[in-house]
Amino acid sequence: MLEIENLSVAYGGLTAVSDVSVTVGKGEFVAIVGPNGAGKTTLFKAISGVVPPRQGRILFEGQDLLTVPAYQRAHMGIAHVPEGRQVFPNMSVADNLSMGAYTEEGQRRQAEILDMILSLFPVLAERSKQLAGTLSGGEQQMLAIGRGLACAPRLLMLDEPSMGLAPAVADMIFERIIDIRVKAGLSILLVEQRVAEALESCDRGYVLETGKVVLQGPHQTLLEDKRIRQAYLGM
Amino acid sequence: MFGRYSFIRETLPIVGFAAVYLLFSYWFESSYYKLILTLVPIWATMGLAWNLLSGYSGLVSFGHASFFGLGAYTTTLLLVKFGITPWIGIPISMVVGGLSGALIGWPTFRLRGHYFALAMLAYPLALLYVFEWLGYQEVAIPYKRENGLAYMQFGDQFGYVVTATLMMVAAMVLSRWVELSRFGLALLAIKQNEAAADAVGIDILRAKLKAIILSGAIAGAIGGLYAIVLLVVTPPSVFGMLTSAQALIVTLFGGVGTFWGPVIGSVILIPLSEVLHAELGHILPGIQGVVFGFAIIGVIIAAPEGLFWGIRDRFMPVPSRRGRDTGTSKVPEAASMHRTKPAADAPVILRVCNVSKNYGGLKAVQNVNFDVPKGAIFGIIGPNGAGKTTLFNLLNGFTPLSTGQIFLDGQDITGLRPNEVCRLGVGRTFQIVRPFMRMSVLDNVIVGAISANENDDMARQQALEAIEIVGLADSVDRLANSLTNKELRLMELARALAGKPKLMLLDETLAGLGSGEVEDLLHVIRFIAARGVTIVIIEHTMQAMVRLADTFLVLDHGAVIGLGEPADVTKDPKVIEAYLGKKWANRA
Amino acid sequence: MGELAIITENILQALAAGLLIGCIYGLMCAGLGVIFGVMRVINFAQGDFMMLGMYSAYYLATSFGLLAVLGPFFGPVAAAIITGPILFIIGIFVHRYLVTRVTGVQVAGLEGEGHFAQLILTLGVALVISNGALIFFGSEPHSIRTPLSRTAWEVGPIFGDAVSIFINKARLVGAAVSVLVAFGLYIFVTKFRFGKALRAAADNPQSATYVGVDVDQAHRIAFGLGIAITGVAGGLVASYYPFQPYVGIEFVIVMYAGVVLGGMGSIIGAFWGGLIIGLVQQMSTLILPTQLQNTAIFIVFLLVIFLKPQGLFGRNAERT
């Protein structure tokens, strides 16, 4: 479904992502883990088209994404839930969700998807009239995911959904992501620092370090790998 | 550039230019052309005044007409009401300009960006209406039949050309001096990155005030001369939008941030628009403004920094790639090994007591307590969003605390501004590198040294030493924007080090580096610590930190969840959970 | 007539004039608010685009004959409304060929140098438009003269026989049209899909891209729309106020004061801000000489910037 081939991205003179190849199959859940500054977010931005790659190809359902302007990619079925939530702070929760449904597919299935979003995150229904910027961090994260779902995507990209959240809230977000996978049946690409949760829930995973893929494989193999433990705890 | 000021060498081209200009002007007979040739240095000087504030510090002022107009009215009214000659009136205008600069700057510098520009726009327009209301709609300079010279009334228009040119020369020399001084370097640093400038000890408000006072003084003086030359002042002609705009236009056209810029712009644009106005003004009355408008639209699109830079970049490319392959650190390996951990009874250099920071309902940092012994390498670790950078911002004064206290060497530093904290001996680097991109490595590091050194040569020496320590000695002349990530990190270390800190706060200095590069940086950090500087370092991953730090503090969701020796901390189940997740902790 | 009655009458008269002018100012500010709110661009040329709106309405009403055909009531109103689409197209062109070079998503990150260029560019546009207008339209003041601009309704007498106030008919019509247009704008940005997209692009351009909004296009529409709305306001002003090519600068400060007062970024706040500026301006004549009307505006403007930079109506959820 998504094929990234030998992708390199540079900011100014600095190479943030070099020669990365990642694939996501239809209905697959893929996780990318790695330390800060490893290039995970940059990789996501390249897929969404807000940073131009220097080299390589990105194919989505066979179509070359690099010829498609960034805003069109949402209409093709890619939803990006960015790092740090990035909700529309001065718009109400309801308006944030209706902005998510800006795509044609999202418009068509708006009522049906809204039901699903509100059943996943009932708190959003309670907060419907409130400005998104006044929500708590966890609620904003739910809203950001909801907004992504409202696009009616076939690929959902989640960038560090647990960042800065209290552990209980982060756990809850993870459970919902697994629910989403079951309910909506879409492909998921996840970037996470909570290695265990990410690797346990995914089908396959990649470890990114200083812009390169250093390890990849099915989740069971990665979970048993010593190097992951070392990378995160220095043991 | 900094610290190599030779008065003769810098002044000679300016004086030479002025001499050529005067010779050229003398050649013209018509007093109309001589009027134009007087206006050229007048607007060049006004441009220099604008450039001194806005060009060097990056704060766009649309209000320089305030200073110009106050200067014009001061000189005129002193002459009309009290018979005081402009020879004294213009210096008084200069003082008035400087004072009004201070009065306007003091409140307005609290504003940033858009708000600053808009507020500055309001001052001259408010003054315009006030002067109309005061009844000074049109004040004419009385003609002094006898003794005209004593009242700056020359028989030949050429006298005004000379006077205006001399004032321009003075403004150029002053601008050049500013460019080469520590003050100019501070302004440049503020322009490029205000937060970083604050953190290396530059008193930002003071530097800006100094700039606006100088700038206002020049504008006031030249406003006074303008009134004398034109023989009549009206509020719109001196306080109007076109006055502020003209100062900005000649500078932008000629080149921002260099003393040649306003001069070049004025030499080209003023005669062009005046001649067009004279030749076509009766059929196309607004032609002057149209030309100015198109000039700046064209410049901003084609050469956004002005002609001077556009031409310089084309014909004199900066040798920025020099020394490209000298990336390796030159620190002797053995040197870093001589460091010993501080003894158990070492004095405490940094004490953090019950520090918290709340943003609305979000507790970014909650009730954090720790002591850092002198000479330690103290690691603060925690996952993304754990509040590490917020904690640093509290420590060096970027962010005010909600509660708690911070002591440095027993002194309470709670609530001090970053530049004050820096001058007490706390250096810091940033998670996202904040270099002054268009300055050389040396100038970048000198900015870090100027607050700790009274003397410019000392500052330069200190900077070179710091560069040597981090191993960038071969790259001193390269521009910061040509450096690799690792070199930028090293340069930031040098910049913090150049302020002779007792304590350095390093924010994710190792982020985004390859494993070989991490080793180099670890050496440099150990080497700095071995020279007696206490280090507090933030890291996201533990791998490198286990080998670097003596003590670990683990932060999660703004709270301390572990503190102690690295070996113990990494075995703590709570820490493992924070890093690898609950599920992993259950497995382990 | 007692002294108290005179004072009351003066206050009521200033209040009424302030409200009417304030509504028209509010519309001007709402236009600027759209541009500033969505693009974060300080458009110096806004006043000059408004001046173009005045001339457009003037020529539509006189030379084009709207006044003759539709009469003194509907003629000026129609001229002002038709000015909207004309300026919208001008705005789209100016954005497409000039403003876009120095703004947009790619420059959004460049805090310092980025907006530096925008300010200067719009200043250049302002100079070209105002002086170009001088060449084309000449310097003598114009205004759309109708019987309405010379006549007033008498309200009253109220409070017994002593107090009555006069309301200029042209201003009243202008104020009513302003309120209607502003309300239409409000409906557009809160209820319509594309209006919401404009707000989303303003709030977080990157996230707007992620949900499929073409942010560059949104900016272009916002620029055109903002200029069109201010142009309509200019067309309404033209029916009671004599203008010349340099009139723009008088209103730029009024507009920015209103936008700042209403909370930079809030389009509807900008309308309320403009309304207050109109009131301040008219009420100030009670205690200050007429020449200092605008100085009163500047003082209010500076006070707001210093004391409450988020604006009186800023419902901005971002932390400052």
# chains A, B, ... in the order shown; residues from 1 in each chain; ligands from 1
call {"tool": "select_by_dssp", "arguments": {"residues": "segment 38-208 of chain A", "states": "helix (DSSP H, G or I)", "output": "PyMOL selection string"}}
result
chain A and resi 40-48+65-67+70-75+93-100+104-108+110-120+122-126+132-134+137-150+167-184+195-201
call {"tool": "interface_residues", "arguments": {"of": "chain C", "to": "chain A", "cutoff": "8 Å", "atoms": "only C-alpha atoms", "output": "list in words"}}
result
Arg193, Lys196, Ala197, Arg199, Ala200, Asp203, Asn204, Gln206, Ser207, Thr209, Tyr210, Val211, Gly212, Val213, Asp214, Val215, Arg315, Asn316, Ala317 and Glu318 of chain C
call {"tool": "interface_residues", "arguments": {"of": "chain C", "to": "chain B", "cutoff": "8 Å", "atoms": "only C-alpha atoms", "output": "JSON, numbers by chain"}}
result
{"C": [42, 101, 102, 112, 113, 116, 117, 120, 121, 123, 124, 125, 126, 127, 128, 129, 131, 132, 133, 134, 135, 138, 249, 253, 256, 289, 291, 292, 294, 295, 298, 302, 305, 306]}
call {"tool": "write_last_selection", "arguments": {"atoms": "C-alpha atoms", "output": "compact mmCIF listing (two decimals), in the first residue's frame"}}
result
# COMPACT_ATOMS: atom_id res chain seq x y z
CA ILE C 42 0.68 43.02 8.05
CA ARG C 101 6.68 35.55 -3.22
CA VAL C 102 7.24 36.54 0.38
CA GLY C 112 12.26 37.41 11.65
CA GLU C 113 13.31 37.83 8.05
CA PHE C 116 10.26 41.75 7.35
CA ALA C 117 9.86 41.13 3.63
CA ILE C 120 8.21 46.08 3.04
CA LEU C 121 6.45 44.57 0.07
CA LEU C 123 4.54 49.21 1.87
CA GLY C 124 5.77 49.30 -1.73
CA VAL C 125 2.33 48.28 -2.99
CA ALA C 126 0.80 51.04 -0.86
CA LEU C 127 3.09 53.66 -2.39
CA VAL C 128 2.39 52.51 -5.93
CA ILE C 129 -1.37 52.44 -5.44
CA ASN C 131 0.59 57.66 -5.97
CA GLY C 132 -0.70 55.88 -9.02
CA ALA C 133 -4.18 56.97 -7.95
CA LEU C 134 -2.91 60.52 -7.77
CA ILE C 135 -1.84 60.24 -11.39
CA GLY C 138 -6.01 63.72 -9.48
CA ILE C 249 -3.05 56.24 5.64
CA ILE C 253 -4.20 53.11 11.83
CA TYR C 256 -4.97 48.20 12.87
CA PRO C 289 -10.28 69.39 19.95
CA GLN C 291 -7.68 67.73 15.35
CA LEU C 292 -6.85 65.34 18.17
CA ASN C 294 -7.04 60.53 15.67
CA THR C 295 -4.53 61.06 18.45
CA PHE C 298 -3.52 56.17 18.74
CA LEU C 302 -1.00 51.99 22.25
CA ILE C 305 -0.97 46.99 22.73
CA PHE C 306 0.81 47.53 26.00
call {"tool": "closest_atom_pairs", "arguments": {"of": "chain A", "to": "chain B", "cutoff": "9 Å", "atoms": "only C-alpha atoms", "output": "Markdown table"}}
result
| residue | atom | partner | partner_atom | distance |
| --- | --- | --- | --- | --- |
| A:Gly12 | CA | B:Asn481 | CA | 8.0 |
| A:Gly13 | CA | B:Thr484 | CA | 6.7 |
| A:Leu14 | CA | B:Thr484 | CA | 6.3 |
| A:Thr15 | CA | B:Asn485 | CA | 8.8 |
| A:Ala16 | CA | B:Gly512 | CA | 8.0 |
| A:Pro35 | CA | B:Thr541 | CA | 6.4 |
| A:Asn36 | CA | B:Ala511 | CA | 6.2 |
| A:Gly37 | CA | B:Gly512 | CA | 4.2 |
| A:Ala38 | CA | B:Gly512 | CA | 5.5 |
| A:Gly39 | CA | B:Gly512 | CA | 7.8 |
| A:Thr134 | CA | B:Gly360 | CA | 8.8 |
| A:Ser136 | CA | B:Leu362 | CA | 7.3 |
| A:Gly137 | CA | B:Leu362 | CA | 7.7 |
| A:Met163 | CA | B:Gly385 | CA | 5.7 |
| A:Gly164 | CA | B:Gly385 | CA | 4.2 |
| A:Leu165 | CA | B:His557 | CA | 7.2 |
| A:Ala166 | CA | B:His557 | CA | 6.4 |
| A:Pro167 | CA | B:Ala578 | CA | 8.4 |
| A:Gln193 | CA | B:Pro383 | CA | 7.5 |
| A:Arg194 | CA | B:Gly581 | CA | 5.4 |
| A:Val195 | CA | B:Leu580 | CA | 5.2 |
| A:Ala196 | CA | B:Gly581 | CA | 5.3 |
| A:Glu197 | CA | B:Gly581 | CA | 6.3 |
| A:Glu200 | CA | B:Lys583 | CA | 8.4 |
| A:Glu209 | CA | B:Gly514 | CA | 7.9 |
| A:Thr210 | CA | B:Gly512 | CA | 5.4 |
| A:Gly211 | CA | B:Gly512 | CA | 8.0 |
| A:Leu223 | CA | B:Trp584 | CA | 8.9 |
| A:Arg229 | CA | B:Leu580 | CA | 7.9 |
| A:Gln230 | CA | B:Gln543 | CA | 6.8 |
| A:Ala231 | CA | B:Gln543 | CA | 6.0 |
| A:Tyr232 | CA | B:Thr541 | CA | 5.7 |
| A:Leu233 | CA | B:Met542 | CA | 5.2 |
| A:Gly234 | CA | B:Gln543 | CA | 3.6 |
| A:Met235 | CA | B:Gln543 | CA | 7.3 |
call {"tool": "write_last_selection", "arguments": {"atoms": "C-alpha atoms", "output": "tab-separated table (two decimals), in the first residue's frame"}}
result
chain	number	residue	atom	x	y	z
A	12	GLY	CA	19.83	22.82	5.12
A	13	GLY	CA	23.07	20.88	5.02
A	14	LEU	CA	22.02	18.23	7.51
A	15	THR	CA	20.77	14.86	6.42
A	16	ALA	CA	17.88	13.90	8.65
A	35	PRO	CA	15.69	7.74	19.75
A	36	ASN	CA	15.11	11.47	19.56
A	37	GLY	CA	16.59	13.07	16.50
A	38	ALA	CA	16.61	9.79	14.61
A	39	GLY	CA	14.51	11.25	11.81
A	134	THR	CA	-8.41	24.48	26.18
A	136	SER	CA	-6.08	18.63	28.33
A	137	GLY	CA	-3.16	16.95	26.60
A	163	MET	CA	4.16	11.94	24.04
A	164	GLY	CA	3.84	13.93	27.22
A	165	LEU	CA	0.79	12.02	28.43
A	166	ALA	CA	0.29	10.53	31.86
A	167	PRO	CA	0.90	6.74	31.76
A	193	GLN	CA	9.02	5.98	21.92
A	194	ARG	CA	7.14	3.56	24.14
A	195	VAL	CA	8.87	0.66	22.55
A	196	ALA	CA	7.10	-2.19	24.27
A	197	GLU	CA	3.58	-0.94	23.59
A	200	GLU	CA	3.55	-5.50	21.04
A	209	GLU	CA	18.83	5.56	14.29
A	210	THR	CA	20.50	8.74	13.00
A	211	GLY	CA	18.32	8.65	9.92
A	223	LEU	CA	10.74	-7.74	21.09
A	229	ARG	CA	17.00	-2.93	25.17
A	230	GLN	CA	20.49	-1.58	24.82
A	231	ALA	CA	19.44	1.33	22.66
A	232	TYR	CA	16.87	2.45	25.20
A	233	LEU	CA	18.46	1.62	28.51
A	234	GLY	CA	22.14	1.43	27.71
A	235	MET	CA	22.36	-2.04	29.21
call {"tool": "residues_around", "arguments": {"residues": "Gly55 of chain B", "least_positions_apart": "4", "cutoff": "7 Å", "atoms": "only C-alpha atoms", "output": "PyMOL selection string"}}
result
chain B and resi 51+256-257
call {"tool": "write_last_selection", "arguments": {"atoms": "N, CA and C atoms", "output": "PDB file, in the first residue's frame"}}
result
ATOM      1  N   ASN B  51      18.846  52.317   9.755  1.00  0.00           N
ATOM      2  CA  ASN B  51      19.644  51.096   9.666  1.00  0.00           C
ATOM      3  C   ASN B  51      20.283  50.745  11.015  1.00  0.00           C
ATOM      4  N   VAL B 256      20.583  46.350   3.607  1.00  0.00           N
ATOM      5  CA  VAL B 256      20.292  46.402   5.035  1.00  0.00           C
ATOM      6  C   VAL B 256      21.496  45.918   5.827  1.00  0.00           C
ATOM      7  N   GLY B 257      21.761  46.559   6.953  1.00  0.00           N
ATOM      8  CA  GLY B 257      22.778  46.048   7.847  1.00  0.00           C
ATOM      9  C   GLY B 257      24.201  46.373   7.432  1.00  0.00           C
TER      10      GLY B 257
END
call {"tool": "select_by_dssp", "arguments": {"residues": "segment 43-150 of chain A", "states": "strand (DSSP E)", "output": "PDB file with C-alpha atoms, in the first residue's frame"}}
result
ATOM      1  CA  GLN A  55      16.237  11.338  -3.080  1.00  0.00           C
ATOM      2  CA  GLY A  56      14.071   8.278  -3.324  1.00  0.00           C
ATOM      3  CA  ARG A  57      10.469   7.434  -4.063  1.00  0.00           C
ATOM      4  CA  ILE A  58       7.260   7.223  -2.108  1.00  0.00           C
ATOM      5  CA  LEU A  59       4.474   5.173  -3.667  1.00  0.00           C
ATOM      6  CA  PHE A  60       0.953   5.087  -2.275  1.00  0.00           C
ATOM      7  CA  GLN A  63       0.943   6.228  -7.347  1.00  0.00           C
ATOM      8  CA  ASP A  64       4.101   8.310  -7.016  1.00  0.00           C
ATOM      9  CA  ILE A  78      -3.506   9.401   3.981  1.00  0.00           C
ATOM     10  CA  ALA A  79      -4.202  10.905   7.391  1.00  0.00           C
ATOM     11  CA  HIS A  80      -1.312  12.300   9.409  1.00  0.00           C
ATOM     12  CA  VAL A  81      -1.779  12.760  13.152  1.00  0.00           C
TER      13      VAL A  81
END
call {"tool": "atom_distance", "arguments": {"atom1": "atom CA of Tyr32 of chain B", "atom2": "atom CA of Ile141 of chain B"}}
result
18.9 Å
call {"tool": "closest_residue", "arguments": {"among": "B:Ser356, B:Thr509, B:Ser273, B:Thr258", "to": "Val433 of chain B", "atoms": "only C-alpha atoms"}}
result
B:Thr509
call {"tool": "residues_around", "arguments": {"residues": "Tyr58 of chain C", "least_positions_apart": "2", "cutoff": "12 Å", "atoms": "only C-alpha atoms", "output": "CSV table (one decimal) with C-alpha atoms, in the first residue's frame"}}
result
chain,number,residue,atom,x,y,z
C,51,MET,CA,-9.1,54.1,-1.3
C,52,LEU,CA,-9.5,52.1,-4.5
C,53,GLY,CA,-12.8,50.9,-3.2
C,54,MET,CA,-13.9,54.5,-2.7
C,55,TYR,CA,-13.0,55.5,-6.2
C,56,SER,CA,-14.5,52.3,-7.6
C,60,LEU,CA,-19.8,53.2,-10.4
C,61,ALA,CA,-22.3,55.6,-8.8
C,62,THR,CA,-21.6,58.6,-11.1
C,63,SER,CA,-20.0,57.8,-14.4
C,64,PHE,CA,-21.5,54.3,-14.6
C,65,GLY,CA,-24.8,55.7,-13.7
C,66,LEU,CA,-25.9,53.6,-10.8
C,67,LEU,CA,-27.0,56.8,-8.9
C,75,GLY,CA,-27.4,53.7,-5.9
C,76,PRO,CA,-24.5,54.2,-3.5
C,77,VAL,CA,-25.2,50.9,-1.7
C,78,ALA,CA,-25.2,49.0,-5.0
C,79,ALA,CA,-22.0,50.8,-6.0
C,80,ALA,CA,-20.3,49.8,-2.7
C,81,ILE,CA,-21.5,46.2,-3.0
C,82,ILE,CA,-20.3,45.8,-6.6
C,83,THR,CA,-16.9,47.2,-5.5
C,137,PHE,CA,-7.7,60.4,-10.4
C,141,PRO,CA,-11.4,65.5,-3.1
C,142,HIS,CA,-14.4,63.5,-4.3
C,143,SER,CA,-17.4,62.1,-2.7
C,144,ILE,CA,-20.6,60.5,-3.7
C,145,ARG,CA,-23.0,63.4,-3.2
C,146,THR,CA,-26.6,62.4,-2.7
C,231,GLY,CA,-13.2,48.0,-0.3
C,232,VAL,CA,-17.0,47.7,0.4
C,234,GLY,CA,-14.6,52.2,1.6
C,235,GLY,CA,-17.4,52.4,-0.8
C,236,LEU,CA,-19.8,53.1,2.0
C,237,VAL,CA,-17.5,55.8,3.5
C,238,ALA,CA,-17.4,57.4,0.1
C,239,SER,CA,-21.0,58.3,0.4
C,240,TYR,CA,-20.5,60.7,3.4
C,241,TYR,CA,-16.8,61.5,3.5
C,242,PRO,CA,-14.7,63.4,0.9
C,243,PHE,CA,-11.6,61.4,-0.1
C,244,GLN,CA,-8.4,61.9,-2.1
call {"tool": "residues_around", "arguments": {"residues": "Gln157 of chain B", "least_positions_apart": "3", "cutoff": "8 Å", "atoms": "only C-alpha atoms", "output": "list of chain:residue names"}}
result
B:Ser31, B:Lys34, B:Leu35, B:Phe154, B:Tyr160, B:Val161
call {"tool": "write_last_selection", "arguments": {"atoms": "N, CA, C and O atoms", "output": "CSV table (one decimal), in the first residue's frame"}}
result
chain,number,residue,atom,x,y,z
B,31,SER,N,21.1,75.9,-8.8
B,31,SER,CA,20.9,75.7,-7.3
B,31,SER,C,19.8,74.6,-7.1
B,31,SER,O,19.8,74.0,-6.1
B,34,LYS,N,21.7,71.5,-6.9
B,34,LYS,CA,22.4,71.5,-5.6
B,34,LYS,C,21.5,71.1,-4.5
B,34,LYS,O,21.9,70.5,-3.5
B,35,LEU,N,20.2,71.5,-4.6
B,35,LEU,CA,19.2,71.1,-3.6
B,35,LEU,C,19.1,69.6,-3.6
B,35,LEU,O,19.1,69.0,-2.6
B,154,PHE,N,23.5,79.9,4.0
B,154,PHE,CA,24.7,80.1,3.1
B,154,PHE,C,24.2,80.9,1.9
B,154,PHE,O,23.1,80.7,1.4
B,160,TYR,N,25.1,74.0,2.0
B,160,TYR,CA,24.3,73.0,2.5
B,160,TYR,C,24.7,71.6,2.1
B,160,TYR,O,24.6,70.7,2.9
B,161,VAL,N,25.2,71.5,0.8
B,161,VAL,CA,25.7,70.2,0.4
B,161,VAL,C,26.8,69.8,1.3
B,161,VAL,O,26.9,68.7,1.8
call {"tool": "residues_around", "arguments": {"residues": "Met504 of chain B", "least_positions_apart": "2", "cutoff": "6 Å", "atoms": "only C-alpha atoms", "output": "mmCIF file with C-alpha atoms, in the first residue's frame"}}
result
data_model
loop_
_atom_site.group_PDB
_atom_site.id
_atom_site.type_symbol
_atom_site.label_atom_id
_atom_site.label_comp_id
_atom_site.auth_asym_id
_atom_site.auth_seq_id
_atom_site.Cartn_x
_atom_site.Cartn_y
_atom_site.Cartn_z
ATOM 1 C CA VAL B 426 25.651 29.542 33.839
ATOM 2 C CA GLY B 427 26.136 28.695 30.166
ATOM 3 C CA ARG B 428 23.631 26.737 28.136
ATOM 4 C CA ILE B 535 27.981 19.917 33.646
#
call {"tool": "residues_around", "arguments": {"residues": "Cys29 of chain C", "least_positions_apart": "4", "cutoff": "12 Å", "atoms": "only C-alpha atoms", "output": "MDAnalysis selection string"}}
result
chainID C and resid 22:25 33:37 43 46:47 50 178 182 226:234 251:278
call {"tool": "closest_residue", "arguments": {"among": "C:Met28, C:Val247, C:Leu15, C:Ile7", "to": "Phe166 of chain C", "atoms": "only C-alpha atoms"}}
result
C:Leu15
call {"tool": "closest_atom_pairs", "arguments": {"of": "segment 159-204 of chain A", "to": "segment 23-28 of chain A", "cutoff": "7 Å", "atoms": "only C-alpha atoms", "output": "CSV"}}
result
residue,atom,partner,partner_atom,distance
A:Gly185,CA,A:Gly27,CA,6.1
A:Leu186,CA,A:Gly27,CA,5.1
A:Ser187,CA,A:Gly27,CA,4.2
A:Ile188,CA,A:Glu28,CA,6.4
A:Asp203,CA,A:Glu28,CA,6.6
call {"tool": "write_last_selection", "arguments": {"atoms": "C-alpha atoms", "output": "short mmCIF file (atom, residue, chain, number, x, y, z; two decimals), in the first residue's frame"}}
result
data_model
loop_
_atom_site.label_atom_id
_atom_site.label_comp_id
_atom_site.auth_asym_id
_atom_site.auth_seq_id
_atom_site.Cartn_x
_atom_site.Cartn_y
_atom_site.Cartn_z
CA GLY A 185 -9.74 -1.92 9.22
CA LEU A 186 -7.20 0.57 7.96
CA SER A 187 -3.43 0.43 7.66
CA ILE A 188 -1.53 2.09 10.49
CA ASP A 203 2.73 -6.57 12.99
#
